[in-house]
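query24.txt follows (compact mmCIF, C-alpha atoms and all ligand atoms):
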# COMPACT_ATOMS: atom_id res chain seq x y z
CA MET A 1 -24.99 -2.25 -6.16
CA ALA A 2 -22.78 -3.88 -8.77
CA ASP A 3 -24.72 -6.24 -11.03
CA GLN A 4 -24.68 -9.98 -10.39
CA LEU A 5 -22.22 -10.78 -13.16
CA ARG A 6 -19.72 -8.23 -11.87
CA ILE A 7 -20.13 -9.47 -8.31
CA LYS A 8 -19.45 -13.02 -9.48
CA GLU A 9 -16.39 -11.92 -11.45
CA LEU A 10 -14.98 -10.00 -8.49
CA SER A 11 -15.59 -12.80 -6.02
CA ASP A 12 -14.01 -15.37 -8.37
CA ASN A 13 -10.92 -13.19 -8.83
CA TYR A 14 -10.73 -12.48 -5.12
CA ARG A 15 -10.94 -16.15 -4.21
CA ALA A 16 -8.35 -17.07 -6.84
CA VAL A 17 -5.87 -14.51 -5.47
CA ASN A 18 -6.46 -15.66 -1.90
CA LEU A 19 -5.99 -19.26 -2.92
CA GLN A 20 -2.72 -18.47 -4.66
CA ILE A 21 -1.51 -16.61 -1.60
CA GLU A 22 -2.47 -19.52 0.62
CA ASN A 23 -0.67 -22.01 -1.62
CA ILE A 24 2.50 -20.01 -1.89
CA CYS A 25 2.60 -19.44 1.89
CA LYS A 26 2.35 -23.17 2.49
CA GLU A 27 4.99 -23.91 -0.10
CA ALA A 28 7.39 -21.25 1.16
CA ASN A 29 6.45 -21.80 4.79
CA VAL A 30 5.82 -18.11 5.48
CA LYS A 31 3.11 -16.23 7.34
CA THR A 32 0.11 -15.12 5.28
CA PRO A 33 0.57 -11.48 4.27
CA ARG A 34 -2.14 -8.85 4.43
CA LEU A 35 -3.90 -8.46 1.09
CA ILE A 36 -4.58 -4.84 0.17
CA ALA A 37 -7.11 -4.63 -2.67
CA VAL A 38 -6.02 -1.71 -4.84
CA SER A 39 -9.20 -0.07 -6.10
CA LYS A 40 -7.98 3.04 -7.91
CA TYR A 41 -10.21 4.03 -10.85
CA LYS A 42 -12.73 1.38 -9.82
CA PRO A 43 -16.25 2.31 -8.69
CA ALA A 44 -17.42 2.24 -5.07
CA GLU A 45 -19.80 -0.60 -6.03
CA ASP A 46 -16.81 -2.86 -6.75
CA ILE A 47 -15.35 -2.10 -3.34
CA LYS A 48 -18.69 -2.76 -1.68
CA ALA A 49 -18.88 -6.16 -3.39
CA LEU A 50 -15.54 -7.18 -1.84
CA TYR A 51 -16.56 -5.60 1.46
CA ASP A 52 -19.62 -7.87 1.46
CA LEU A 53 -17.25 -10.85 1.14
CA GLY A 54 -15.56 -9.65 4.34
CA HIS A 55 -12.63 -7.74 2.88
CA ARG A 56 -11.60 -4.56 4.71
CA HIS A 57 -8.18 -3.35 3.48
CA PHE A 58 -8.29 -1.22 0.35
CA GLY A 59 -5.61 0.89 -1.34
CA GLU A 60 -6.14 4.15 -3.23
CA ASN A 61 -3.74 6.44 -5.09
CA TYR A 62 -5.56 9.74 -5.46
CA VAL A 63 -6.72 11.95 -2.61
CA GLN A 64 -9.84 13.26 -4.34
CA GLU A 65 -10.97 9.78 -5.37
CA LEU A 66 -10.24 8.43 -1.91
CA THR A 67 -12.26 11.12 -0.10
CA GLU A 68 -15.24 10.52 -2.40
CA LYS A 69 -15.13 6.79 -1.71
CA VAL A 70 -14.72 7.29 2.04
CA GLU A 71 -17.97 9.30 1.97
CA LYS A 72 -19.90 6.60 0.12
CA LEU A 73 -18.63 3.44 1.77
CA PRO A 74 -18.83 1.79 5.23
CA LYS A 75 -16.83 3.46 7.97
CA ASP A 76 -14.98 0.33 9.05
CA ILE A 77 -13.01 0.06 5.81
CA LYS A 78 -9.27 0.35 6.45
CA TRP A 79 -7.88 2.61 3.75
CA HIS A 80 -4.26 2.57 2.66
CA PHE A 81 -2.99 5.59 0.78
CA ILE A 82 -0.46 4.29 -1.76
CA GLY A 83 -0.25 7.17 -4.21
CA SER A 84 2.48 9.76 -4.36
CA LEU A 85 2.14 11.94 -1.27
CA GLN A 86 2.09 15.67 -1.93
CA SER A 87 2.89 18.01 0.95
CA ASN A 88 -0.32 20.00 0.62
CA LYS A 89 -2.42 16.82 0.81
CA CYS A 90 -1.13 15.75 4.23
CA LYS A 91 -3.66 17.91 6.03
CA VAL A 92 -6.48 16.46 3.91
CA LEU A 93 -5.54 12.81 4.41
CA ALA A 94 -4.59 12.68 8.07
CA PRO A 95 -7.95 13.82 9.52
CA ILE A 96 -9.84 10.97 7.79
CA SER A 97 -10.56 8.58 10.66
CA SER A 98 -10.63 5.49 8.47
CA ILE A 99 -7.21 6.15 6.93
CA PHE A 100 -5.38 3.14 8.30
CA ALA A 101 -2.04 3.53 6.57
CA ILE A 102 0.00 5.88 4.46
CA GLN A 103 2.54 3.85 2.52
CA THR A 104 4.37 6.53 0.63
CA LEU A 105 6.04 8.75 3.20
CA ASP A 106 9.40 10.11 2.06
CA SER A 107 10.25 13.14 4.20
CA GLU A 108 10.31 14.55 7.73
CA SER A 109 8.31 17.60 6.73
CA LYS A 110 5.45 15.43 5.50
CA ALA A 111 5.65 13.29 8.65
CA LYS A 112 5.34 16.46 10.70
CA LYS A 113 2.33 17.66 8.72
CA LEU A 114 0.56 14.30 8.99
CA ASN A 115 1.25 14.11 12.71
CA GLN A 116 -0.12 17.62 13.28
CA ALA A 117 -3.29 16.95 11.29
CA ARG A 118 -4.13 13.59 12.92
CA SER A 119 -6.70 13.89 15.68
CA GLU A 120 -5.94 12.59 19.19
CA SER A 121 -9.21 10.71 19.11
CA ASP A 122 -8.32 8.68 16.01
CA PRO A 123 -5.92 5.74 16.00
CA PRO A 124 -2.37 6.59 14.91
CA ILE A 125 -1.78 6.23 11.16
CA HIS A 126 0.42 3.31 10.16
CA ILE A 127 3.35 4.67 8.22
CA TYR A 128 5.47 3.00 5.58
CA ILE A 129 8.55 4.75 4.31
CA GLN A 130 8.67 4.48 0.53
CA ILE A 131 11.99 3.29 -0.81
CA ASN A 132 13.16 3.52 -4.40
CA THR A 133 14.87 0.16 -4.84
CA SER A 134 15.13 0.15 -8.62
CA GLY A 135 16.83 3.53 -9.10
CA GLU A 136 14.30 4.40 -11.82
CA GLU A 137 13.78 8.12 -12.02
CA ASN A 138 10.03 7.90 -12.39
CA LYS A 139 9.71 6.14 -9.04
CA SER A 140 9.25 8.08 -5.81
CA GLY A 141 10.77 7.21 -2.49
CA ILE A 142 14.11 7.57 -0.78
CA GLU A 143 17.02 5.94 -2.60
CA VAL A 144 17.71 2.55 -1.04
CA SER A 145 21.42 3.41 -0.77
CA ASP A 146 20.69 6.48 1.35
CA LEU A 147 20.67 4.57 4.60
CA GLU A 148 21.47 7.64 6.66
CA GLN A 149 18.42 9.54 5.45
CA ILE A 150 16.16 6.52 5.91
CA GLU A 151 17.39 5.96 9.44
CA LYS A 152 16.97 9.65 10.24
CA LEU A 153 13.38 9.67 9.00
CA ALA A 154 12.57 6.49 10.92
CA ASN A 155 13.97 8.05 14.09
CA PHE A 156 12.09 11.27 13.49
CA ILE A 157 8.78 9.39 13.31
CA LEU A 158 9.59 7.29 16.37
CA GLU A 159 10.61 10.27 18.48
CA ASN A 160 8.48 13.16 17.28
CA CYS A 161 5.27 11.82 15.82
CA PRO A 162 3.00 10.24 18.43
CA ARG A 163 0.03 10.30 16.01
CA LEU A 164 1.99 8.15 13.56
CA LYS A 165 3.06 4.55 14.01
CA LEU A 166 6.12 3.57 12.02
CA GLU A 167 5.05 0.26 10.56
CA GLY A 168 7.25 -0.63 7.63
CA LEU A 169 8.98 -0.11 4.33
CA MET A 170 7.32 0.00 0.93
CA THR A 171 8.64 -0.38 -2.58
CA ILE A 172 7.29 -0.60 -6.09
CA GLY A 173 9.35 -3.19 -7.94
CA SER A 174 10.51 -2.36 -11.42
CA LEU A 175 8.46 -3.99 -14.14
CA ALA A 176 11.56 -5.19 -15.98
CA ILE A 177 12.81 -7.01 -12.91
CA SER A 178 9.41 -8.47 -12.05
CA THR A 179 9.20 -10.28 -15.37
CA GLY A 180 12.63 -11.90 -15.00
CA ASP A 181 13.40 -15.26 -13.40
CA GLY A 182 14.58 -15.94 -9.84
CA PRO A 183 14.52 -13.66 -6.78
CA ASN A 184 13.47 -10.09 -7.47
CA THR A 185 16.44 -7.85 -6.68
CA ASP A 186 14.18 -4.92 -5.69
CA PHE A 187 12.65 -7.10 -3.01
CA THR A 188 16.03 -8.43 -1.92
CA LYS A 189 17.16 -4.85 -1.34
CA LEU A 190 14.11 -4.01 0.76
CA VAL A 191 14.60 -7.11 2.92
CA PHE A 192 18.24 -6.18 3.41
CA LEU A 193 17.24 -2.65 4.44
CA LYS A 194 14.70 -3.97 6.92
CA ASP A 195 17.40 -6.18 8.52
CA GLU A 196 19.81 -3.27 8.61
CA LEU A 197 17.27 -1.03 10.38
CA LYS A 198 16.53 -3.80 12.83
CA SER A 199 20.13 -3.99 13.89
CA ARG A 200 20.55 -0.20 14.00
CA LEU A 201 17.27 0.78 15.67
CA GLY A 202 16.10 -2.46 17.25
CA ILE A 203 12.73 -2.31 15.49
CA GLU A 204 10.92 -4.98 13.51
CA LEU A 205 9.39 -3.49 10.37
CA GLU A 206 6.79 -4.86 7.98
CA LEU A 207 7.35 -5.00 4.24
CA SER A 208 4.89 -3.76 1.63
CA MET A 209 5.99 -5.19 -1.70
CA GLY A 210 4.34 -7.11 -4.48
CA MET A 211 1.59 -6.16 -6.97
CA SER A 212 -0.47 -8.24 -9.41
CA ASN A 213 2.47 -9.25 -11.56
CA ASP A 214 4.98 -9.94 -8.79
CA TYR A 215 3.17 -10.65 -5.51
CA ILE A 216 3.97 -14.39 -5.58
CA GLU A 217 7.69 -13.70 -5.66
CA ALA A 218 7.28 -10.93 -3.07
CA ILE A 219 5.63 -13.36 -0.65
CA ARG A 220 8.40 -15.89 -1.21
CA GLN A 221 10.85 -13.17 -0.27
CA GLY A 222 9.01 -12.27 2.92
CA SER A 223 6.50 -9.56 2.06
CA THR A 224 3.90 -8.96 4.77
CA ASN A 225 1.63 -6.66 2.70
CA VAL A 226 0.81 -7.25 -0.94
CA ARG A 227 -1.00 -4.57 -2.95
CA VAL A 228 -3.08 -6.24 -5.63
CA GLY A 229 -5.22 -4.31 -8.10
CA SER A 230 -5.80 -5.69 -11.57
CA ALA A 231 -5.68 -9.37 -10.56
CA ILE A 232 -8.80 -8.68 -8.48
CA PHE A 233 -10.58 -5.82 -10.27
CA GLY A 234 -9.46 -6.44 -13.86
CA SER A 235 -7.36 -4.13 -15.98
CA ARG A 236 -7.56 -0.36 -15.61
CA LYS A 237 -7.84 2.26 -18.26
CA SER A 238 -4.69 4.30 -18.57
CA LYS A 239 -4.62 7.75 -17.02
CA GLU A 240 -4.85 9.31 -20.48
CA GLU A 241 -7.96 7.30 -21.36
CA MET A 242 -9.53 8.24 -18.02
CA ALA A 243 -8.94 11.92 -18.74
CA GLN A 244 -10.62 11.63 -22.14
CA HIS A 245 -13.70 10.07 -20.61
CA ALA A 246 -13.93 12.49 -17.69
C1 LIG A 301 -1.73 0.59 -8.84
C2 LIG A 301 -0.83 0.17 -7.75
C3 LIG A 301 -0.83 -1.16 -7.27
C4 LIG A 301 -1.65 -2.27 -7.88
O1 LIG A 301 -1.17 -2.56 -9.16
P1 LIG A 301 -1.67 -3.87 -9.96
O2 LIG A 301 -0.57 -4.12 -10.92
O3 LIG A 301 -2.94 -3.49 -10.62
O4 LIG A 301 -1.85 -4.95 -8.99
C5 LIG A 301 0.00 -1.46 -6.21
N1 LIG A 301 0.80 -0.53 -5.64
C6 LIG A 301 0.82 0.74 -6.07
C7 LIG A 301 1.71 1.72 -5.40
C8 LIG A 301 0.02 1.14 -7.15
O5 LIG A 301 0.08 2.40 -7.58

Would you mind writing the file's structure down as structure tokens?
Ligand SMILES: *Cc1c(COP(=O)(O)O)cnc(C)c1O
Amino acid sequence: MADQLRIKELSDNYRAVNLQIENICKEANVKTPRLIAVSKYKPAEDIKALYDLGHRHFGENYVQELTEKVEKLPKDIKWHFIGSLQSNKCKVLAPISSIFAIQTLDSESKAKKLNQARSESDPPIHIYIQINTSGEENKSGIEVSDLEQIEKLANFILENCPRLKLEGLMTIGSLAISTGDGPNTDFTKLVFLKDELKSRLGIELELSMGMSNDYIEAIRQGSTNVRVGSAIFGSRKSKEEMAQHA
């Protein structure tokens, strides 16, 4: 169990984020998005504290860390994998019953591997295609301008992957853009892509966009899934610091 002070801190942060979401939805007159609590680098006790408040959707970035937490925590948690998806990890992730969503799919070959490794007895995995909307080289995902490839992948999932459910599009907004004023152009591009796919394929997709520093704007622009880490759990150590302490 997390200690009482930590539990209080987490529940205060959690309530504050929920309240902000509620306010912005009223103001913008949009539907309340799903809140995914991003728990990477944070202990299982922190997750359990939010679980005890009724929260179920959690996001993780690393396969090893995720599998350890799945072992320790209640089985009805709905896990979202939001880290970069390596081919050889598809067969590790897909068999985990409580994997609810994989948000970082970027190729047919990975879709095929996930589909093959998902058991018939588990619910289909919700799939988000990751889109690189900012053009930054350090960001994964299919280039937003490559409409043909995106449409092809969407069709591939719809037609060939019964163990996967194509659910939406995901992007990580660029930090530079998120700190500017006015509509976030990364989010504008994702909304445009969603509309384009609707007219081409006749499907209504969800949007996963918005993190601690830009979720308010993302909701204004129509996000249906926000992925919030540090605003709930506090700041994280950098990867380098984590490695030193390991
Ligand atoms: C870490 C991470 C988040 C959460 O980031 P915060 O800024 O801490 O809210 C959201 N999405 C992805 C893909 C991440 O890697």

Do you know which residues are within 10 Å of ligand LIG 301 (chain A) using all atoms listed in the file? Can you write them as a ChimeraX atom specification? /A:36-41,59-62,81-84,103-104,130,139-140,170-173,175,208-215,226-236

Choose the residue, out of A:Lys194, A:Lys26, A:His80, A:Arg220, that has the smallest atom-to-atom separation from Ile125 (chain A); count all atoms listed in the file. A:His80

Do a neighbour search on Ser97 (chain A) at 10 Å with only C-alpha atoms, toss out local chain neighbours closer than 5 positions, and write the hits as a ChimeraX atom specification. /A:70,75-76,78-79,118-119,121-125

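Separating CA of Asp146 (chain A) from CA of Ser178 (chain A) is a distance of 23.0 Å.
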
How many Å lie between CA of Lys89 (chain A) and CA of Val63 (chain A), rounded to one decimal? 7.3 Å

How far is it from CA of Asp195 (chain A) to CA of Leu153 (chain A), in Å with one decimal?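 Going from CA of Asp195 (chain A) over to CA of Leu153 (chain A), I get 16.4 Å.
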
At a cut-off of 10 Å, using all atoms listed in the file, what residues contact Thr185 (chain A)? Leave out same-chain residues fewer than 6 positions from it and give the result as a compact mmCIF listing (two decimals) with C-alpha atoms, in the coordinates of the input.
# COMPACT_ATOMS: atom_id res chain seq x y z
CA THR A 133 14.87 0.16 -4.84
CA SER A 134 15.13 0.15 -8.62
CA GLY A 173 9.35 -3.19 -7.94
CA SER A 174 10.51 -2.36 -11.42
CA ILE A 177 12.81 -7.01 -12.91
CA SER A 178 9.41 -8.47 -12.05
CA VAL A 191 14.60 -7.11 2.92

Neighbours of Lys91 (chain A) within 10 Å (only C-alpha atoms; same-chain residues fewer than 5 positions away dropped), as a list of chain:residue names? A:Ile96, A:Lys110, A:Lys113, A:Leu114, A:Asn115, A:Gln116, A:Ala117, A:Arg118

Compare A:Glu27, A:Glu9, A:Glu196, A:Glu217 by their minimum atom-to-atom distance to Leu147 (chain A), counting only C-alpha atoms, and give me the closest one. A:Glu196
